[in-house]
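Asks: So I've got this file, final_22.pdb, and it contains PDB, C-alpha atoms:
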ATOM      1  CA  MET A   1       0.267   7.811   4.364  1.00  0.00           C
ATOM      2  CA  SER A   2      -2.225   9.825   6.287  1.00  0.00           C
ATOM      3  CA  PHE A   3      -2.462  10.364  10.012  1.00  0.00           C
ATOM      4  CA  THR A   4      -4.915  12.134  12.256  1.00  0.00           C
ATOM      5  CA  THR A   5      -3.568  14.416  14.963  1.00  0.00           C
ATOM      6  CA  GLU A   6      -4.916  14.722  18.499  1.00  0.00           C
ATOM      7  CA  ASN A   7      -7.145  17.615  17.375  1.00  0.00           C
ATOM      8  CA  ASN A   8      -8.512  15.543  14.459  1.00  0.00           C
ATOM      9  CA  HIS A   9      -6.456  17.357  11.829  1.00  0.00           C
ATOM     10  CA  ILE A  10      -5.359  15.252   8.881  1.00  0.00           C
ATOM     11  CA  PHE A  11      -1.621  14.987   8.326  1.00  0.00           C
ATOM     12  CA  TYR A  12      -0.273  13.544   5.071  1.00  0.00           C
ATOM     13  CA  LEU A  13       3.184  12.071   4.630  1.00  0.00           C
ATOM     14  CA  GLU A  14       4.714  11.267   1.274  1.00  0.00           C
ATOM     15  CA  LEU A  15       7.970   9.426   0.913  1.00  0.00           C
ATOM     16  CA  ALA A  16       9.885   9.199  -2.342  1.00  0.00           C
ATOM     17  CA  MET A  17      12.445   6.433  -2.644  1.00  0.00           C
ATOM     18  CA  GLU A  18      14.194   7.366  -5.857  1.00  0.00           C
ATOM     19  CA  ARG A  19      17.858   6.440  -6.040  1.00  0.00           C
ATOM     20  CA  THR A  20      17.754   4.825  -2.650  1.00  0.00           C
ATOM     21  CA  GLU A  21      20.586   2.450  -1.872  1.00  0.00           C
ATOM     22  CA  PHE A  22      20.354  -0.095   0.898  1.00  0.00           C
ATOM     23  CA  ILE A  23      23.620  -1.185   2.438  1.00  0.00           C
ATOM     24  CA  GLN A  24      24.293  -4.023   4.826  1.00  0.00           C
ATOM     25  CA  LEU A  25      25.816  -2.768   8.059  1.00  0.00           C
ATOM     26  CA  GLN A  26      26.429  -6.136   9.707  1.00  0.00           C
ATOM     27  CA  ASP A  27      26.557  -9.735   8.624  1.00  0.00           C
ATOM     28  CA  PHE A  28      23.380 -11.639   9.322  1.00  0.00           C
ATOM     29  CA  GLU A  29      23.512 -14.495  11.787  1.00  0.00           C
ATOM     30  CA  GLU A  30      22.050 -17.663  10.374  1.00  0.00           C
ATOM     31  CA  GLY A  31      19.729 -19.280  12.862  1.00  0.00           C
ATOM     32  CA  GLU A  32      18.447 -22.785  12.728  1.00  0.00           C
ATOM     33  CA  GLU A  33      15.968 -23.495   9.987  1.00  0.00           C
ATOM     34  CA  VAL A  34      12.376 -23.485  11.211  1.00  0.00           C
ATOM     35  CA  ASN A  35       9.956 -26.036   9.827  1.00  0.00           C
ATOM     36  CA  PRO A  36       6.360 -24.825  10.367  1.00  0.00           C
ATOM     37  CA  ASP A  37       4.956 -28.307   9.677  1.00  0.00           C
ATOM     38  CA  ALA A  38       7.054 -29.752  12.501  1.00  0.00           C
ATOM     39  CA  ILE A  39       5.861 -27.020  14.887  1.00  0.00           C
ATOM     40  CA  LEU A  40       2.221 -27.723  14.019  1.00  0.00           C
ATOM     41  CA  GLU A  41       2.742 -31.470  14.431  1.00  0.00           C
ATOM     42  CA  GLU A  42       4.394 -31.032  17.841  1.00  0.00           C
ATOM     43  CA  GLU A  43       1.572 -28.758  19.012  1.00  0.00           C
ATOM     44  CA  THR A  44      -1.076 -31.211  17.779  1.00  0.00           C
ATOM     45  CA  VAL A  45       0.615 -34.073  19.643  1.00  0.00           C
ATOM     46  CA  ARG A  46       0.866 -31.920  22.767  1.00  0.00           C
ATOM     47  CA  GLN A  47      -2.828 -31.002  22.583  1.00  0.00           C
ATOM     48  CA  LEU A  48      -3.863 -34.640  22.042  1.00  0.00           C
ATOM     49  CA  GLU A  49      -1.784 -35.765  25.035  1.00  0.00           C
ATOM     50  CA  LYS A  50      -3.286 -33.010  27.178  1.00  0.00           C
ATOM     51  CA  LYS A  51      -6.908 -33.700  26.154  1.00  0.00           C
ATOM     52  CA  PRO A  52      -7.473 -37.045  28.000  1.00  0.00           C
ATOM     53  CA  THR A  53      -6.301 -35.517  31.286  1.00  0.00           C
ATOM     54  CA  GLU A  54      -8.839 -32.687  31.104  1.00  0.00           C
ATOM     55  CA  LYS A  55     -12.114 -33.004  33.008  1.00  0.00           C
ATOM     56  CA  LYS A  56     -14.834 -34.396  30.774  1.00  0.00           C
ATOM     57  CA  GLY A  57     -18.408 -33.212  31.206  1.00  0.00           C
ATOM     58  CA  THR A  58     -21.292 -35.636  31.223  1.00  0.00           C
ATOM     59  CA  GLY A  59     -24.017 -35.394  28.655  1.00  0.00           C
ATOM     60  CA  GLY A  60     -22.128 -34.532  25.473  1.00  0.00           C
ATOM     61  CA  GLY A  61     -20.428 -31.639  23.781  1.00  0.00           C
ATOM     62  CA  ASN A  62     -23.074 -29.028  24.562  1.00  0.00           C
ATOM     63  CA  ASN A  63     -22.263 -29.180  28.261  1.00  0.00           C
ATOM     64  CA  ASP A  64     -18.572 -28.698  27.498  1.00  0.00           C
ATOM     65  CA  LEU A  65     -19.379 -25.552  25.540  1.00  0.00           C
ATOM     66  CA  LEU A  66     -21.704 -24.289  28.258  1.00  0.00           C
ATOM     67  CA  ASP A  67     -19.041 -24.983  30.892  1.00  0.00           C
ATOM     68  CA  GLU A  68     -16.469 -23.033  28.879  1.00  0.00           C
ATOM     69  CA  LEU A  69     -18.886 -20.103  28.609  1.00  0.00           C
ATOM     70  CA  GLY A  70     -19.604 -20.289  32.342  1.00  0.00           C
ATOM     71  CA  ILE A  71     -23.306 -21.041  31.864  1.00  0.00           C
TER      72      ILE A  71
END
Translate the structure of the given file into structure tokens.
Replies:
Amino acid sequence: MSFTTENNHIFYLELAMERTEFIQLQDFEEGEEVNPDAILEEETVRQLEKKPTEKKGTGGGNNDLLDELGI
């Protein structure tokens, strides 16, 4: 890896991992299994439920974009 110091000097770091042993210090806690598809589905449903309550602009989608941009 290379880094640049405050005075713009280049600093190189090399790390050798020969004969490295990783040991487990603590048991891992198993959390609940996360299903990304379920999260996306819930968020989609939430967005669709929220959408009808938002203020709708008159005159089509261009006005909505212009309103979002503050124009």
Asks: For a test of reading the model, state the distance in Å between atom CA of Gly70 of chain A and atom CA of Lys51 of chain A, rounded to one decimal.
Replies: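 Those two atoms sit 19.5 Å apart.
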Asks: So how far away is atom CA of Lys50 of chain A from atom CA of Ala38 of chain A, in Å?
Replies: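 Atom CA of Ala38 of chain A sits 18.2 Å away from atom CA of Lys50 of chain A.
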Asks: Report, in Å to a single decimal, how far apart atom CA of Val45 of chain A and atom CA of Glu68 of chain A are.
Replies: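 Atom-to-atom, atom CA of Glu68 of chain A and atom CA of Val45 of chain A are spaced 22.3 Å apart.
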Asks: Mind working out the centre and edge lengths of an axis-aligned box for segment 41-50 of chain A, all listed atoms inside, 4 Å added to each side, rounded to one decimal in Å and written as AutoDock Vina command-line options?
Replies:
--center_x 0.3 --center_y -32.3 --center_z 20.8 --size_x 16.3 --size_y 15.0 --size_z 20.7
Asks: Could you check the closest approach to Leu15 of chain A for each of A:Glu42, A:Met1, A:Asp67, A:Phe28 and tell me which residue wins, using all atoms listed in the file?
Replies: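 Selected residue with least distance to Leu15 of chain A: A:Met1.
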